[in-house]
Every structure is written in structure tokens, then in C-alpha cells.
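Have a look at run22.cif; it's mmCIF, C-alpha atoms:
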```
data_work
loop_
_atom_site.label_atom_id
_atom_site.label_comp_id
_atom_site.auth_asym_id
_atom_site.auth_seq_id
_atom_site.Cartn_x
_atom_site.Cartn_y
_atom_site.Cartn_z
CA MET Z 1 10.81 -76.03 -32.60
CA THR Z 2 8.36 -76.36 -35.46
CA SER Z 3 6.65 -73.40 -37.07
CA ASP Z 4 3.35 -74.41 -35.45
CA GLU Z 5 5.02 -74.58 -32.02
CA TYR Z 6 6.56 -71.15 -32.65
CA MET Z 7 3.22 -69.68 -33.68
CA LYS Z 8 1.56 -70.87 -30.47
CA ALA Z 9 4.45 -69.89 -28.17
CA ALA Z 10 4.88 -66.43 -29.70
CA LEU Z 11 1.21 -65.58 -29.39
CA VAL Z 12 1.44 -66.04 -25.60
CA SER Z 13 3.40 -62.76 -25.48
CA TRP Z 14 0.82 -60.84 -27.51
CA SER Z 15 -1.55 -58.47 -25.73
CA LYS Z 16 -5.10 -58.89 -26.93
CA ASP Z 17 -5.97 -55.48 -25.45
CA GLU Z 18 -5.75 -53.56 -28.72
CA HIS Z 19 -7.23 -50.12 -29.22
CA PHE Z 20 -9.23 -50.88 -32.32
CA ILE Z 21 -9.33 -48.63 -35.33
CA THR Z 22 -12.89 -47.37 -35.56
CA HIS Z 23 -12.76 -45.65 -38.93
CA GLY Z 24 -11.33 -46.18 -42.35
CA PRO Z 25 -12.31 -48.28 -45.33
CA GLY Z 26 -14.99 -50.92 -44.99
CA GLY Z 27 -14.23 -54.29 -43.55
CA ASP Z 28 -13.22 -55.73 -40.25
CA SER Z 29 -11.79 -52.93 -38.08
CA GLN Z 30 -10.42 -55.48 -35.59
CA LEU Z 31 -8.51 -57.32 -38.34
CA LEU Z 32 -7.27 -54.00 -39.72
CA THR Z 33 -6.00 -52.99 -36.28
CA TYR Z 34 -4.05 -56.22 -35.91
CA LEU Z 35 -2.58 -55.89 -39.41
CA VAL Z 36 -1.56 -52.26 -38.78
CA HIS Z 37 0.07 -53.36 -35.52
CA ALA Z 38 1.96 -56.13 -37.36
CA LEU Z 39 2.94 -53.80 -40.21
CA MET Z 40 4.29 -51.09 -37.94
CA GLY Z 41 6.17 -53.63 -35.86
CA MET Z 42 7.78 -55.24 -38.91
CA GLN Z 43 8.83 -51.83 -40.20
CA THR Z 44 10.26 -50.78 -36.85
CA GLU Z 45 12.25 -53.98 -36.41
CA SER Z 46 13.41 -53.90 -40.05
CA ALA Z 47 14.63 -50.35 -39.50
CA GLU Z 48 16.63 -51.50 -36.46
CA PHE Z 49 18.18 -54.27 -38.59
CA THR Z 50 18.94 -51.72 -41.33
CA ASP Z 51 20.50 -49.32 -38.85
CA MET Z 52 22.90 -52.00 -37.64
CA ILE Z 53 23.97 -52.76 -41.21
CA LYS Z 54 24.39 -49.02 -41.86
CA LYS Z 55 26.67 -48.70 -38.85
CA CYS Z 56 28.78 -51.58 -40.18
CA LEU Z 57 29.04 -50.13 -43.69
CA ILE Z 58 29.40 -46.45 -42.88
CA TYR Z 59 31.02 -46.35 -39.45
CA GLY Z 60 33.00 -49.59 -39.56
CA LYS Z 61 31.24 -51.08 -36.55
CA PRO Z 62 31.59 -54.88 -36.36
CA ILE Z 63 28.59 -56.99 -37.31
CA ASP Z 64 26.67 -57.99 -34.19
CA GLU Z 65 25.18 -61.32 -35.27
CA VAL Z 66 23.43 -61.86 -31.94
CA ASN Z 67 21.60 -58.55 -32.24
CA LEU Z 68 20.78 -59.12 -35.92
CA LEU Z 69 19.28 -62.50 -35.04
CA GLU Z 70 17.26 -60.85 -32.27
CA GLU Z 71 15.84 -58.29 -34.72
CA LEU Z 72 14.96 -61.07 -37.19
CA GLY Z 73 13.16 -62.83 -34.33
CA ASP Z 74 11.21 -59.64 -33.62
CA ILE Z 75 10.26 -59.35 -37.30
CA ALA Z 76 9.10 -62.98 -37.18
CA TRP Z 77 6.99 -62.21 -34.10
CA TYR Z 78 5.10 -59.50 -35.98
CA MET Z 79 4.80 -61.70 -39.07
CA ASN Z 80 3.36 -64.37 -36.78
CA LEU Z 81 0.73 -61.93 -35.53
CA ALA Z 82 -0.34 -61.11 -39.10
CA LEU Z 83 -0.38 -64.76 -40.17
CA ASN Z 84 -2.48 -65.71 -37.15
CA LYS Z 85 -5.00 -62.93 -37.68
CA LEU Z 86 -5.31 -63.78 -41.39
CA GLY Z 87 -5.89 -67.43 -40.50
CA TYR Z 88 -2.71 -68.79 -42.08
CA THR Z 89 0.31 -70.67 -40.81
CA TRP Z 90 4.00 -70.33 -41.55
CA VAL Z 91 3.76 -73.45 -43.73
CA ASP Z 92 0.92 -71.83 -45.75
CA MET Z 93 3.15 -68.81 -46.35
CA PHE Z 94 6.22 -70.92 -47.20
CA ASP Z 95 4.27 -73.14 -49.61
CA ARG Z 96 2.69 -70.23 -51.45
CA ASN Z 97 5.96 -68.36 -51.68
CA ILE Z 98 7.67 -71.39 -53.24
CA ALA Z 99 4.74 -71.92 -55.65
CA LYS Z 100 5.13 -68.31 -56.81
CA LEU Z 101 8.92 -68.61 -57.12
CA LYS Z 102 8.59 -71.80 -59.18
CA VAL Z 103 6.50 -69.84 -61.68
CA ARG Z 104 8.91 -66.92 -61.68
CA PHE Z 105 12.13 -68.96 -61.78
CA PRO Z 106 11.26 -72.51 -62.97
CA ASP Z 107 14.92 -73.54 -63.43
CA LYS Z 108 16.99 -70.93 -61.63
CA PHE Z 109 17.19 -67.21 -60.97
CA THR Z 110 18.06 -64.98 -63.89
CA PRO Z 111 17.91 -61.18 -64.03
CA GLU Z 112 15.85 -61.43 -67.23
CA LYS Z 113 13.20 -63.56 -65.52
CA ALA Z 114 13.19 -61.18 -62.57
CA LEU Z 115 12.49 -58.27 -64.91
CA THR Z 116 9.88 -60.02 -67.10
CA ARG Z 117 7.58 -61.53 -64.51
CA ASP Z 118 4.18 -62.99 -65.41
CA LEU Z 119 2.18 -61.49 -62.55
CA GLU Z 120 -1.04 -63.24 -63.59
CA ALA Z 121 0.63 -66.67 -63.51
CA GLU Z 122 2.25 -65.86 -60.17
CA ARG Z 123 -1.11 -64.83 -58.72
CA LYS Z 124 -2.72 -68.01 -60.04
CA ALA Z 125 0.01 -70.11 -58.37
CA LEU Z 126 -0.68 -68.31 -55.08
CA GLU Z 127 -4.43 -68.85 -55.37
CA ASP Z 128 -4.18 -72.47 -56.57
CA ASP Z 129 -2.24 -73.39 -53.44
CA LYS Z 130 -5.24 -72.62 -51.21
#
```
Could you render the structure from this file as C-alpha cells?
Amino acid sequence: MTSDEYMKAALVSWSKDEHFITHGPGGDSQLLTYLVHALMGMQTESAEFTDMIKKCLIYGKPIDEVNLLEELGDIAWYMNLALNKLGYTWVDMFDRNIAKLKVRFPDKFTPEKALTRDLEAERKALEDDK
């Protein structure tokens, strides 16, 4: 399945009957509602992933790879909602992330480069990829 096929298939399971935020900072309240929905969903699913890792580390429970993969899929679903509502695709996100990482780590990862980032150059790489 391609990322475009995933985006289309995943959106079939999304309910368009949102209760829109009617207050808050200026801008598109419908877009804000979708982004809040995506944000809360990503956090919830990430917490479930974290809880499973905690149970492995602290309680000695075996790693449940099937369940971890399911939680990653749920995180992707919410990311998909945000990408769609912002008008981007998975490829847009992947390309911009790599452009930023090439600025940050042109040869390879080093702790020094991670600590001395050029945020302006990273931002420019993200914007230039539009």
C-alpha cells in the first residue's frame, strides 16, 4: 500500500461529524477542531505505546509486538487526519523531514550537531521544500 492509498483508505473511517470549537484564537475554527482531535488522538495512542514499554521495563512483561504495531497504526491514523486537514501528504512530510535532517546532520548524526542546531537553516530547508 502506498502512502496515498493509506491516506484515502484511512479517511474512510473518520467521522466528519465533529463538534467544532467555537472560541479561541483567530483563524479557522474547523481546522483547529480537526488539529485538536488529531493531537489528542496522537497523545492518547502514544501513551498506550508508552504504557506497554513501561510494563516491559518495570514489570517484566514480554514485548507484545502485535499490540505495539497496532498502536503505531493508530498514531498514523491521527497523523493522517492532521496531514489531510493541513493539505499535505505523507510524502510532503517525509520530504521536508529529510530536508531538515540533511541540514542538521549533513554527514551523519553526532551529539555535537544535535546540540548546536541551526534552527534558521532548518526552517529554511522546510520552507524551500514547498
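Within the file as shown, the PyMOL selection byres ((chain Z and resi 63-68) around 10) identifies Glu45, Ser46, Glu48, Phe49, Thr50, Met52, Ile53, Lys55, Cys56, Leu57, Gly60, Lys61, Pro62, Leu69, Glu70, Glu71, Leu72, Gly73 and Asp74 of chain Z.
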Using only C-alpha atoms, determine which residues lie at most 6 Å from Z:Ala125, disregarding the query and same-chain residues fewer than 2 positions distant; provide the list as a ChimeraX atom specification. /Z:99-100,122-123,127-128
At a cut-off of 10 Å, using only C-alpha atoms, what residues contact stretch 1-9 of chain Z? Leave out same-chain residues fewer than 5 positions from it and give the result as a PyMOL selection string. chain Z and resi 14+76-77+79-81+83-84+89-91
Protein and nucleic acid residues near (1.3, -54.0, -39.5) (cut-off 12 Å, all atoms listed in the file) as JSON, numbers by chain: {"Z": [31, 32, 33, 34, 35, 36, 37, 38, 39, 40, 41, 42, 43, 44, 45, 75, 77, 78, 79, 80, 81, 82, 83, 85, 86]}
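Atom CA of Z:Arg104 is positioned 8.5 Å from atom CA of Z:Ala121.
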Would you mind putting all heavy atoms back on stretch 114-125 of chain Z and writing the result as a compact mmCIF listing (two decimals), in the coordinates of the input?
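Done, and the output landed in selection-v2.txt:
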```txt
# COMPACT_ATOMS: atom_id res chain seq x y z
N ALA Z 114 13.60 -62.09 -63.65
CA ALA Z 114 13.19 -61.18 -62.57
C ALA Z 114 12.54 -59.91 -63.13
O ALA Z 114 11.65 -59.35 -62.50
CB ALA Z 114 14.39 -60.82 -61.71
N LEU Z 115 13.00 -59.50 -64.30
CA LEU Z 115 12.49 -58.27 -64.91
C LEU Z 115 11.26 -58.49 -65.78
O LEU Z 115 10.55 -57.54 -66.10
CB LEU Z 115 13.59 -57.60 -65.74
CG LEU Z 115 14.77 -57.07 -64.92
CD1 LEU Z 115 15.90 -56.62 -65.85
CD2 LEU Z 115 14.33 -55.94 -64.01
N THR Z 116 11.01 -59.73 -66.20
CA THR Z 116 9.88 -60.02 -67.10
C THR Z 116 8.93 -61.00 -66.44
O THR Z 116 8.62 -62.05 -67.00
CB THR Z 116 10.39 -60.58 -68.45
OG1 THR Z 116 11.15 -61.76 -68.20
CG2 THR Z 116 11.22 -59.57 -69.19
N ARG Z 117 8.45 -60.64 -65.29
CA ARG Z 117 7.58 -61.53 -64.51
C ARG Z 117 6.19 -61.62 -65.13
O ARG Z 117 5.67 -60.64 -65.67
CB ARG Z 117 7.47 -61.00 -63.08
CG ARG Z 117 8.79 -61.04 -62.35
CD ARG Z 117 8.75 -60.28 -61.06
NE ARG Z 117 7.57 -60.56 -60.25
CZ ARG Z 117 7.21 -59.85 -59.21
NH1 ARG Z 117 7.91 -58.81 -58.82
NH2 ARG Z 117 6.13 -60.17 -58.53
N ASP Z 118 5.57 -62.77 -65.00
CA ASP Z 118 4.18 -62.99 -65.41
C ASP Z 118 3.34 -62.92 -64.13
O ASP Z 118 3.12 -63.91 -63.44
CB ASP Z 118 4.04 -64.35 -66.09
CG ASP Z 118 2.62 -64.61 -66.60
OD1 ASP Z 118 1.68 -63.90 -66.17
OD2 ASP Z 118 2.46 -65.55 -67.39
N LEU Z 119 2.89 -61.70 -63.81
CA LEU Z 119 2.18 -61.49 -62.55
C LEU Z 119 0.87 -62.28 -62.47
O LEU Z 119 0.49 -62.73 -61.38
CB LEU Z 119 1.92 -60.00 -62.35
CG LEU Z 119 3.18 -59.13 -62.21
CD1 LEU Z 119 2.79 -57.67 -62.07
CD2 LEU Z 119 4.03 -59.58 -61.05
N GLU Z 120 0.20 -62.46 -63.61
CA GLU Z 120 -1.04 -63.24 -63.59
C GLU Z 120 -0.77 -64.70 -63.24
O GLU Z 120 -1.49 -65.30 -62.44
CB GLU Z 120 -1.75 -63.14 -64.94
CG GLU Z 120 -2.40 -61.80 -65.18
CD GLU Z 120 -3.14 -61.75 -66.51
OE1 GLU Z 120 -3.69 -62.78 -66.94
OE2 GLU Z 120 -3.15 -60.67 -67.12
N ALA Z 121 0.28 -65.28 -63.82
CA ALA Z 121 0.63 -66.67 -63.51
C ALA Z 121 1.09 -66.81 -62.06
O ALA Z 121 0.77 -67.81 -61.39
CB ALA Z 121 1.70 -67.16 -64.48
N GLU Z 122 1.82 -65.81 -61.57
CA GLU Z 122 2.25 -65.86 -60.17
C GLU Z 122 1.05 -65.80 -59.24
O GLU Z 122 0.97 -66.55 -58.26
CB GLU Z 122 3.21 -64.70 -59.87
CG GLU Z 122 4.57 -64.86 -60.50
CD GLU Z 122 5.51 -63.71 -60.18
OE1 GLU Z 122 5.26 -62.96 -59.22
OE2 GLU Z 122 6.52 -63.59 -60.90
N ARG Z 123 0.11 -64.94 -59.54
CA ARG Z 123 -1.11 -64.83 -58.72
C ARG Z 123 -1.89 -66.14 -58.73
O ARG Z 123 -2.38 -66.60 -57.70
CB ARG Z 123 -1.97 -63.66 -59.22
CG ARG Z 123 -3.30 -63.48 -58.54
CD ARG Z 123 -3.13 -63.08 -57.10
NE ARG Z 123 -4.38 -63.05 -56.41
CZ ARG Z 123 -4.80 -62.06 -55.65
NH1 ARG Z 123 -4.04 -61.01 -55.46
NH2 ARG Z 123 -5.96 -62.11 -55.05
N LYS Z 124 -2.02 -66.74 -59.92
CA LYS Z 124 -2.72 -68.01 -60.04
C LYS Z 124 -2.05 -69.09 -59.19
O LYS Z 124 -2.74 -69.86 -58.51
CB LYS Z 124 -2.79 -68.45 -61.50
CG LYS Z 124 -3.60 -69.72 -61.72
CD LYS Z 124 -3.82 -69.99 -63.17
CE LYS Z 124 -4.57 -71.27 -63.47
NZ LYS Z 124 -5.04 -72.09 -62.45
N ALA Z 125 -0.71 -69.13 -59.19
CA ALA Z 125 0.01 -70.11 -58.37
C ALA Z 125 -0.28 -69.88 -56.88
O ALA Z 125 -0.44 -70.83 -56.13
CB ALA Z 125 1.50 -70.03 -58.65
```
